[in-house]
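So the structure is just underneath, and the comments pick up after that.
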Amino acid sequence: MSLYKRKDSSVWWLKIRHNGQAIQRSTGTEDKLNAQEYHDRLKAELWEQQRLGVRPSYLWNEAVVRWLQETEHKASQVSDKYHLRWLDAYLCDVPLTDINRTLIDKIMAARKAEGVANSTVNRVLEVMRAILRKSANEWEWLDKAPFFRLLPEPTRRIRWLTHEEATRLLAELPEHLQAMVRFSLETGLRKANVAGLLWSQVDLGRRCAWVHPDQAKARKAIAVPLSNAAVEVIRGQVGKNLTHVFSYRGNPIVAPNNSAWEKALKRAGIENFRWHDLRHTWASWHVQAGTPLHVLQELGGWESVEMVRRYAHMSSEHLADYVDRLSGLGAIDGVGGYVLATVPEKKRG
């Protein structure tokens with residue numbers, strides 16, 4: 001039977017054979033006449049593809065499968081899958097050619113109706129856009145990907161600690177977390193890279209450590225030069241665990257941002273601060289100390305310099321010469337204005 005209903009579904013499904021292969025999919029409708037029309041249209045499209053060389057029609061599901069296969073190296077694929085599961089309710093078995101601005105607007109409205117922030121809606125849209133662009137530009141499954149804009153997001157300030165705040169926090173932390181925070185402030189490594197740091201990734205003789213490509217967010221190896229303070233921290237961990245540098249009572253630390261971390265923040269009087277903000281603090285301190293952005297990019301393992309530019313406002317030393325040039329045009333009169341140099345009059349006669 002070409003049309004049928006599943007026990008767990010109220011919509012009609014179809015099953016046909018084409019070129020020796022079984023094609024089974026939902027028609028997306030509970031009306032049998034509409035389902036039959038969908039069935040007949042699909043059979044006609046398959047005939048046109050085979051006899052007339054017409055481009056095949058691909059479904060969103062097929063594009064998702066291929067995209068996941070091609071991006072399995074991405075560290076962010078876990079969150080991408082979360083958004084794709086949410087999208088499944090709206091795009092399951094939908095042909096790519098049917099995904100237009102009207103449907104995208106409907107999806108945006110549905111996500112916003114759940115009370116989420118614009119940034120959450122944008123993460124869904126970014127995954128959609130990436131797949132649709134791949135379908136059009138690389139796979140040639142679409143003539144053109146639909147254009148749509150992301151929602152505006154508020155510019156978030158970078159949260160970082162002053163040296164005085166960092167000193168207060170360190171004083172409140174238990175010994176094992178204090179070591180991890182000190183090391184994070186010296187290296188800028190992400191939480192997972194600090195917690196998962198193995199002794200096999202450290203060479204105290206050469207004062208360096210490294211992060212393997214499969215451990216890095218950008219999937220590129222990161223060389224980590226160790227300061228004297230970082231070396232001191234690591235030496236303090238010798239003998240506590242055979243495999244992991246940082247441990248608690250002999251066991252590796254899986255989640256350092258625990259209740260002890262939260263209580264220490266509260267005692268230190270530090271609000272609105274996450275563990276990842278230690279990395280922001282490290283980067284901010286570097287820029288304030290004059291570290292060039294391209295050097296900071298390499299130290300932090302960022303994929304592009306654009307990711308580092310958010311710290312550029314932390315330092316203005318490279319602009320000082322230009323400010324002094326303006327000051328040289330005149331002398332301050334003591335009231336707030338400028339007295340411009342006057343040109344002596346020529347003598348008459």
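As shown in the structure tokens, the chain order sets the letters A, B, ...; within each chain, residues go from 1, and ligands are also counted from 1 in the order they appear.
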Hey, what does DSSP flag as helix (DSSP H, G or I) within segment 165-331 of chain A? Can you give it to me as a PyMOL selection string? chain A and resi 165-172+175-187+191-195+199-201+213-215+228-235+259-268+277-288+293-300+305-307+309-314+317-327
Identify, on the basis of only C-alpha atoms, every residue whose closest approach to segment 109-117 of chain A does not exceed 12 Å; exclude the query and any residue fewer than 6 positions from it along the same chain; express the result as number ranges by chain. A: 83, 86-87, 89-90, 102-103, 123-125, 151-154
Show me, as a count of residues only, the residues that have an atom within 10 Å of segment 16-32 of chain A when counting only C-alpha atoms, minus same-chain residues fewer than 6 positions from it. 18
